[in-house]
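Pasting structure-v1.txt here (compact mmCIF, all heavy atoms):
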```txt
# COMPACT_ATOMS: atom_id res chain seq x y z
N MET A 9 108.15 125.64 78.55
CA MET A 9 107.92 125.28 77.16
C MET A 9 107.01 124.05 77.06
O MET A 9 106.11 124.04 76.25
CB MET A 9 109.29 125.02 76.51
CG MET A 9 109.21 124.68 75.07
SD MET A 9 108.68 126.11 74.14
CE MET A 9 108.66 125.45 72.54
N LEU A 10 107.29 123.06 77.89
CA LEU A 10 106.48 121.85 77.86
C LEU A 10 105.04 122.14 78.26
O LEU A 10 104.10 121.61 77.68
CB LEU A 10 107.08 120.78 78.76
CG LEU A 10 106.33 119.45 78.84
CD1 LEU A 10 106.33 118.79 77.47
CD2 LEU A 10 106.96 118.55 79.86
N GLY A 11 104.88 123.02 79.23
CA GLY A 11 103.54 123.40 79.68
C GLY A 11 102.74 124.07 78.58
O GLY A 11 101.55 123.83 78.41
N THR A 12 103.40 124.92 77.80
CA THR A 12 102.73 125.61 76.70
C THR A 12 102.31 124.61 75.63
O THR A 12 101.19 124.69 75.10
CB THR A 12 103.67 126.66 76.08
OG1 THR A 12 104.10 127.56 77.10
CG2 THR A 12 102.99 127.43 74.98
N ILE A 13 103.17 123.68 75.31
CA ILE A 13 102.85 122.67 74.30
C ILE A 13 101.68 121.81 74.77
O ILE A 13 100.76 121.53 73.99
CB ILE A 13 104.09 121.81 73.98
CG1 ILE A 13 105.11 122.66 73.21
CG2 ILE A 13 103.72 120.58 73.17
CD1 ILE A 13 106.42 121.98 72.94
N LEU A 14 101.69 121.42 76.03
CA LEU A 14 100.59 120.62 76.55
C LEU A 14 99.28 121.40 76.56
O LEU A 14 98.22 120.84 76.28
CB LEU A 14 100.92 120.11 77.95
CG LEU A 14 102.02 119.06 78.03
CD1 LEU A 14 102.33 118.72 79.48
CD2 LEU A 14 101.65 117.82 77.25
N LEU A 15 99.34 122.69 76.86
CA LEU A 15 98.15 123.53 76.84
C LEU A 15 97.57 123.63 75.43
O LEU A 15 96.35 123.47 75.24
CB LEU A 15 98.47 124.93 77.37
CG LEU A 15 97.32 125.94 77.32
CD1 LEU A 15 96.22 125.52 78.29
CD2 LEU A 15 97.83 127.33 77.64
N VAL A 16 98.41 123.84 74.44
CA VAL A 16 97.93 123.93 73.06
C VAL A 16 97.37 122.59 72.60
O VAL A 16 96.35 122.53 71.90
CB VAL A 16 99.05 124.43 72.12
CG1 VAL A 16 98.62 124.38 70.67
CG2 VAL A 16 99.45 125.85 72.49
N LEU A 17 98.01 121.49 73.00
CA LEU A 17 97.49 120.17 72.65
C LEU A 17 96.12 119.94 73.28
O LEU A 17 95.21 119.41 72.63
CB LEU A 17 98.46 119.07 73.08
CG LEU A 17 99.72 118.91 72.24
CD1 LEU A 17 100.66 117.90 72.88
CD2 LEU A 17 99.39 118.49 70.82
N ALA A 18 95.95 120.35 74.53
CA ALA A 18 94.66 120.18 75.20
C ALA A 18 93.58 121.03 74.53
O ALA A 18 92.46 120.56 74.32
CB ALA A 18 94.79 120.56 76.67
N LEU A 19 93.92 122.26 74.18
CA LEU A 19 92.95 123.12 73.48
C LEU A 19 92.60 122.54 72.11
O LEU A 19 91.45 122.64 71.66
CB LEU A 19 93.50 124.54 73.34
CG LEU A 19 93.59 125.34 74.64
CD1 LEU A 19 94.29 126.67 74.39
CD2 LEU A 19 92.23 125.55 75.25
N SER A 20 93.57 121.95 71.45
CA SER A 20 93.31 121.32 70.16
C SER A 20 92.33 120.16 70.30
O SER A 20 91.44 119.98 69.47
CB SER A 20 94.61 120.81 69.54
OG SER A 20 95.50 121.87 69.32
N VAL A 21 92.49 119.37 71.34
CA VAL A 21 91.58 118.25 71.59
C VAL A 21 90.17 118.77 71.84
O VAL A 21 89.19 118.20 71.34
CB VAL A 21 92.09 117.37 72.75
CG1 VAL A 21 91.04 116.36 73.18
CG2 VAL A 21 93.37 116.67 72.35
N VAL A 22 90.05 119.86 72.58
CA VAL A 22 88.73 120.45 72.82
C VAL A 22 88.10 120.89 71.50
O VAL A 22 86.91 120.64 71.24
CB VAL A 22 88.83 121.65 73.81
CG1 VAL A 22 87.53 122.42 73.87
CG2 VAL A 22 89.21 121.15 75.18
N LEU A 23 88.87 121.54 70.64
CA LEU A 23 88.35 121.96 69.33
C LEU A 23 87.91 120.75 68.50
O LEU A 23 86.88 120.80 67.83
CB LEU A 23 89.41 122.75 68.56
CG LEU A 23 89.70 124.16 69.04
CD1 LEU A 23 90.82 124.77 68.21
CD2 LEU A 23 88.47 125.03 68.98
N ILE A 24 88.69 119.69 68.55
CA ILE A 24 88.36 118.48 67.80
C ILE A 24 87.04 117.89 68.29
O ILE A 24 86.16 117.54 67.49
CB ILE A 24 89.50 117.45 67.89
CG1 ILE A 24 90.72 117.95 67.12
CG2 ILE A 24 89.06 116.09 67.38
CD1 ILE A 24 91.97 117.14 67.36
N VAL A 25 86.87 117.81 69.60
CA VAL A 25 85.65 117.23 70.16
C VAL A 25 84.44 118.09 69.83
O VAL A 25 83.40 117.58 69.40
CB VAL A 25 85.80 117.02 71.68
CG1 VAL A 25 84.48 116.67 72.33
CG2 VAL A 25 86.84 115.95 71.97
N VAL A 26 84.57 119.40 70.01
CA VAL A 26 83.44 120.29 69.71
C VAL A 26 83.10 120.23 68.22
O VAL A 26 81.93 120.14 67.84
CB VAL A 26 83.76 121.74 70.14
CG1 VAL A 26 82.72 122.72 69.61
CG2 VAL A 26 83.85 121.84 71.64
N GLY A 27 84.12 120.23 67.38
CA GLY A 27 83.89 120.17 65.94
C GLY A 27 83.27 118.86 65.50
O GLY A 27 82.49 118.81 64.54
N ALA A 28 83.57 117.79 66.21
CA ALA A 28 83.03 116.48 65.83
C ALA A 28 81.58 116.31 66.27
O ALA A 28 80.81 115.63 65.60
CB ALA A 28 83.88 115.38 66.44
N PHE A 29 81.19 116.93 67.38
CA PHE A 29 79.87 116.67 67.93
C PHE A 29 78.84 117.77 67.72
O PHE A 29 77.65 117.52 67.90
CB PHE A 29 79.97 116.34 69.42
CG PHE A 29 80.62 115.02 69.68
CD1 PHE A 29 81.85 114.94 70.29
CD2 PHE A 29 80.01 113.84 69.27
CE1 PHE A 29 82.47 113.72 70.51
CE2 PHE A 29 80.61 112.62 69.49
CZ PHE A 29 81.84 112.55 70.10
N VAL A 30 79.26 118.97 67.37
CA VAL A 30 78.31 120.06 67.15
C VAL A 30 78.09 120.19 65.65
O VAL A 30 79.03 120.42 64.89
CB VAL A 30 78.82 121.39 67.74
CG1 VAL A 30 77.87 122.52 67.43
CG2 VAL A 30 79.02 121.26 69.24
N GLU A 31 76.85 120.04 65.25
CA GLU A 31 76.51 120.09 63.84
C GLU A 31 76.80 121.48 63.27
O GLU A 31 76.45 122.50 63.86
CB GLU A 31 75.02 119.77 63.66
CG GLU A 31 74.60 119.63 62.22
CD GLU A 31 73.14 119.24 62.10
OE1 GLU A 31 72.58 118.71 63.08
OE2 GLU A 31 72.60 119.47 61.03
N GLY A 32 77.43 121.52 62.13
CA GLY A 32 77.75 122.78 61.47
C GLY A 32 79.10 123.36 61.86
O GLY A 32 79.50 124.39 61.34
N LEU A 33 79.80 122.72 62.78
CA LEU A 33 81.10 123.24 63.20
C LEU A 33 82.24 122.28 62.82
O LEU A 33 83.22 122.14 63.53
CB LEU A 33 81.12 123.49 64.71
CG LEU A 33 80.20 124.58 65.22
CD1 LEU A 33 80.32 124.72 66.72
CD2 LEU A 33 80.50 125.91 64.55
N ILE A 34 82.09 121.65 61.67
CA ILE A 34 83.11 120.71 61.22
C ILE A 34 84.44 121.42 60.97
O ILE A 34 85.50 120.82 61.07
CB ILE A 34 82.63 119.93 59.97
CG1 ILE A 34 83.52 118.73 59.68
CG2 ILE A 34 82.57 120.83 58.77
CD1 ILE A 34 83.34 117.61 60.63
N TRP A 35 84.38 122.72 60.69
CA TRP A 35 85.61 123.47 60.47
C TRP A 35 86.46 123.52 61.74
O TRP A 35 87.69 123.59 61.67
CB TRP A 35 85.31 124.88 59.95
CG TRP A 35 84.39 125.68 60.82
CD1 TRP A 35 83.03 125.68 60.80
CD2 TRP A 35 84.78 126.57 61.86
NE1 TRP A 35 82.54 126.53 61.76
CE2 TRP A 35 83.59 127.10 62.42
CE3 TRP A 35 85.99 126.99 62.37
CZ2 TRP A 35 83.61 128.00 63.47
CZ3 TRP A 35 86.01 127.91 63.41
CH2 TRP A 35 84.81 128.40 63.94
N LEU A 36 85.82 123.47 62.91
CA LEU A 36 86.59 123.41 64.16
C LEU A 36 87.37 122.11 64.26
O LEU A 36 88.48 122.09 64.78
CB LEU A 36 85.66 123.55 65.37
CG LEU A 36 85.28 124.94 65.79
CD1 LEU A 36 84.38 124.88 67.01
CD2 LEU A 36 86.48 125.80 66.07
N LEU A 37 86.78 121.05 63.77
CA LEU A 37 87.46 119.76 63.75
C LEU A 37 88.73 119.85 62.91
O LEU A 37 89.81 119.42 63.33
CB LEU A 37 86.54 118.67 63.20
CG LEU A 37 87.15 117.29 63.03
CD1 LEU A 37 87.29 116.62 64.38
CD2 LEU A 37 86.29 116.46 62.12
N VAL A 38 88.62 120.46 61.74
CA VAL A 38 89.77 120.60 60.83
C VAL A 38 90.85 121.46 61.47
O VAL A 38 92.04 121.11 61.45
CB VAL A 38 89.31 121.17 59.48
CG1 VAL A 38 90.49 121.46 58.58
CG2 VAL A 38 88.33 120.23 58.80
N ILE A 39 90.45 122.59 62.05
CA ILE A 39 91.42 123.47 62.70
C ILE A 39 92.08 122.77 63.89
O ILE A 39 93.29 122.87 64.10
CB ILE A 39 90.74 124.79 63.14
CG1 ILE A 39 90.36 125.60 61.92
CG2 ILE A 39 91.64 125.59 64.06
CD1 ILE A 39 89.53 126.83 62.22
N GLY A 40 91.28 122.04 64.67
CA GLY A 40 91.83 121.32 65.81
C GLY A 40 92.84 120.27 65.41
O GLY A 40 93.89 120.14 66.04
N VAL A 41 92.55 119.54 64.35
CA VAL A 41 93.49 118.52 63.87
C VAL A 41 94.78 119.18 63.38
O VAL A 41 95.88 118.70 63.66
CB VAL A 41 92.84 117.66 62.77
CG1 VAL A 41 93.86 116.80 62.06
CG2 VAL A 41 91.74 116.80 63.36
N ALA A 42 94.65 120.30 62.66
CA ALA A 42 95.84 121.00 62.16
C ALA A 42 96.69 121.51 63.32
O ALA A 42 97.92 121.35 63.31
CB ALA A 42 95.41 122.15 61.26
N PHE A 43 96.07 122.13 64.31
CA PHE A 43 96.82 122.61 65.47
C PHE A 43 97.46 121.47 66.24
O PHE A 43 98.61 121.57 66.69
CB PHE A 43 95.93 123.41 66.42
CG PHE A 43 95.80 124.86 66.04
CD1 PHE A 43 94.55 125.45 65.98
CD2 PHE A 43 96.90 125.64 65.77
CE1 PHE A 43 94.41 126.78 65.64
CE2 PHE A 43 96.78 126.97 65.44
CZ PHE A 43 95.53 127.55 65.37
N PHE A 44 96.73 120.37 66.40
CA PHE A 44 97.27 119.23 67.13
C PHE A 44 98.49 118.67 66.42
O PHE A 44 99.52 118.42 67.04
CB PHE A 44 96.20 118.14 67.29
CG PHE A 44 96.62 117.02 68.18
CD1 PHE A 44 96.44 117.11 69.55
CD2 PHE A 44 97.20 115.87 67.67
CE1 PHE A 44 96.84 116.08 70.39
CE2 PHE A 44 97.60 114.84 68.48
CZ PHE A 44 97.41 114.94 69.86
N ALA A 45 98.39 118.47 65.11
CA ALA A 45 99.51 117.92 64.35
C ALA A 45 100.71 118.86 64.37
O ALA A 45 101.85 118.42 64.55
CB ALA A 45 99.07 117.64 62.91
N GLY A 46 100.46 120.14 64.19
CA GLY A 46 101.55 121.11 64.21
C GLY A 46 102.24 121.20 65.56
O GLY A 46 103.47 121.22 65.65
N THR A 47 101.46 121.25 66.62
CA THR A 47 102.03 121.34 67.96
C THR A 47 102.77 120.06 68.32
O THR A 47 103.85 120.12 68.93
CB THR A 47 100.92 121.60 69.00
OG1 THR A 47 100.20 122.76 68.61
CG2 THR A 47 101.49 121.80 70.36
N ALA A 48 102.24 118.92 67.95
CA ALA A 48 102.93 117.66 68.23
C ALA A 48 104.26 117.60 67.48
O ALA A 48 105.27 117.16 68.04
CB ALA A 48 102.04 116.48 67.84
N ALA A 49 104.28 118.07 66.25
CA ALA A 49 105.52 118.07 65.47
C ALA A 49 106.55 119.01 66.08
O ALA A 49 107.73 118.66 66.21
CB ALA A 49 105.23 118.47 64.02
N ILE A 50 106.12 120.20 66.48
CA ILE A 50 107.03 121.15 67.12
C ILE A 50 107.57 120.59 68.43
O ILE A 50 108.77 120.68 68.71
CB ILE A 50 106.33 122.51 67.34
CG1 ILE A 50 106.10 123.19 65.99
CG2 ILE A 50 107.14 123.40 68.26
CD1 ILE A 50 105.22 124.41 66.06
N GLY A 51 106.69 119.99 69.22
CA GLY A 51 107.13 119.40 70.47
C GLY A 51 108.12 118.27 70.26
O GLY A 51 109.11 118.14 71.00
N PHE A 52 107.90 117.46 69.25
CA PHE A 52 108.81 116.36 68.95
C PHE A 52 110.18 116.89 68.54
O PHE A 52 111.21 116.40 69.01
CB PHE A 52 108.22 115.48 67.85
CG PHE A 52 109.05 114.28 67.53
CD1 PHE A 52 109.08 113.19 68.39
CD2 PHE A 52 109.81 114.22 66.37
CE1 PHE A 52 109.86 112.08 68.11
CE2 PHE A 52 110.58 113.12 66.08
CZ PHE A 52 110.61 112.05 66.95
N VAL A 53 110.20 117.91 67.69
CA VAL A 53 111.47 118.49 67.24
C VAL A 53 112.21 119.14 68.40
O VAL A 53 113.42 118.96 68.55
CB VAL A 53 111.22 119.50 66.10
CG1 VAL A 53 112.46 120.31 65.79
CG2 VAL A 53 110.73 118.78 64.85
N LYS A 54 111.50 119.88 69.23
CA LYS A 54 112.13 120.53 70.38
C LYS A 54 112.69 119.49 71.36
O LYS A 54 113.77 119.66 71.90
CB LYS A 54 111.13 121.42 71.12
CG LYS A 54 110.64 122.59 70.34
CD LYS A 54 111.62 123.72 70.42
CE LYS A 54 111.02 124.94 69.75
NZ LYS A 54 111.94 126.04 69.73
N ARG A 55 111.93 118.41 71.57
CA ARG A 55 112.39 117.37 72.48
C ARG A 55 113.66 116.72 71.95
O ARG A 55 114.60 116.47 72.69
CB ARG A 55 111.30 116.32 72.66
CG ARG A 55 111.66 115.24 73.65
CD ARG A 55 110.57 114.21 73.75
NE ARG A 55 110.31 113.55 72.48
CZ ARG A 55 110.96 112.46 72.06
NH1 ARG A 55 111.89 111.92 72.79
NH2 ARG A 55 110.67 111.93 70.90
N LYS A 56 113.69 116.45 70.65
CA LYS A 56 114.86 115.84 70.03
C LYS A 56 116.06 116.78 70.14
O LYS A 56 117.17 116.34 70.41
CB LYS A 56 114.60 115.51 68.56
CG LYS A 56 113.62 114.38 68.36
CD LYS A 56 114.24 113.07 68.71
CE LYS A 56 114.75 112.44 67.44
NZ LYS A 56 115.24 111.11 67.64
N ALA A 57 115.85 118.08 69.97
CA ALA A 57 116.95 119.04 70.05
C ALA A 57 117.47 119.14 71.48
O ALA A 57 118.69 119.27 71.70
CB ALA A 57 116.49 120.41 69.57
N LEU A 58 116.58 119.08 72.46
CA LEU A 58 117.01 119.17 73.85
C LEU A 58 117.82 117.94 74.28
O LEU A 58 118.81 118.05 74.98
CB LEU A 58 115.81 119.35 74.77
CG LEU A 58 115.12 120.71 74.69
CD1 LEU A 58 113.87 120.70 75.57
CD2 LEU A 58 116.05 121.82 75.13
N THR A 59 117.37 116.76 73.88
CA THR A 59 118.09 115.54 74.28
C THR A 59 119.41 115.40 73.51
O THR A 59 120.36 114.84 74.03
CB THR A 59 117.22 114.28 74.05
OG1 THR A 59 116.85 114.21 72.69
CG2 THR A 59 116.01 114.31 74.92
N LYS A 60 119.48 115.92 72.29
CA LYS A 60 120.69 115.83 71.51
C LYS A 60 121.80 116.70 72.10
O LYS A 60 122.94 116.33 72.12
CB LYS A 60 120.40 116.26 70.07
CG LYS A 60 121.50 115.96 69.10
CD LYS A 60 121.07 116.35 67.70
CE LYS A 60 121.96 115.72 66.65
NZ LYS A 60 121.56 116.07 65.31
N GLY A 61 121.42 117.87 72.61
CA GLY A 61 122.41 118.78 73.17
C GLY A 61 122.91 118.41 74.55
O GLY A 61 123.92 118.91 75.01
N SER A 62 122.22 117.52 75.24
CA SER A 62 122.61 117.17 76.60
C SER A 62 123.63 116.05 76.68
O SER A 62 124.07 115.70 77.75
CB SER A 62 121.36 116.81 77.42
OG SER A 62 120.78 115.63 76.91
N ARG A 63 123.98 115.47 75.57
CA ARG A 63 124.95 114.36 75.57
C ARG A 63 126.33 114.83 75.70
O ARG A 63 127.02 115.57 75.47
CB ARG A 63 124.81 113.52 74.32
CG ARG A 63 123.55 112.73 74.35
CD ARG A 63 123.50 111.83 73.16
NE ARG A 63 122.27 111.09 73.20
CZ ARG A 63 121.96 110.15 72.38
NH1 ARG A 63 122.77 109.84 71.41
NH2 ARG A 63 120.83 109.51 72.45
```
Show me, as structure tokens, the structure contained in the file I just sent.
Amino acid sequence: MLGTILLVLALSVVLIVVGAFVEGLIWLLVIGVAFFAGTAAIGFVKRKALTKGSR
């Protein structure tokens, strides 16, 4: 699960960089930011749920 989240975060960063530096592809920047924020939120919630259940 952690590997998948890290993979999606890495792909999001690639989209953000390409969208920021390639003229006319600003929509990739927006999609990358949305994916990054969503994946980070899901990872945070999953991490909190895993640590809460182990006590």
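From atom CA of A:Leu37 back to atom CA of A:Ser20, the distance works out to 8.8 Å.
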(Q) Please compute the atom CE2 of A:Phe43-atom NE of A:Arg55 distance, one decimal, in Å. (A) 20.3 Å
Q | Separation of atom CA of A:Ala18 from atom CA of A:Val30, in Å and rounded to one decimal | A |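 One can read the atom CA of A:Ala18 to atom CA of A:Val30 distance as 18.2 Å.
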Q: Dig up all the protein and nucleic acid residues within 10 Å of (106.3, 118.0, 71.4) in the file frame, using only C-alpha atoms, and format them as a PyMOL selection string.
A: chain A and resi 9-10+12-14+17+45-56
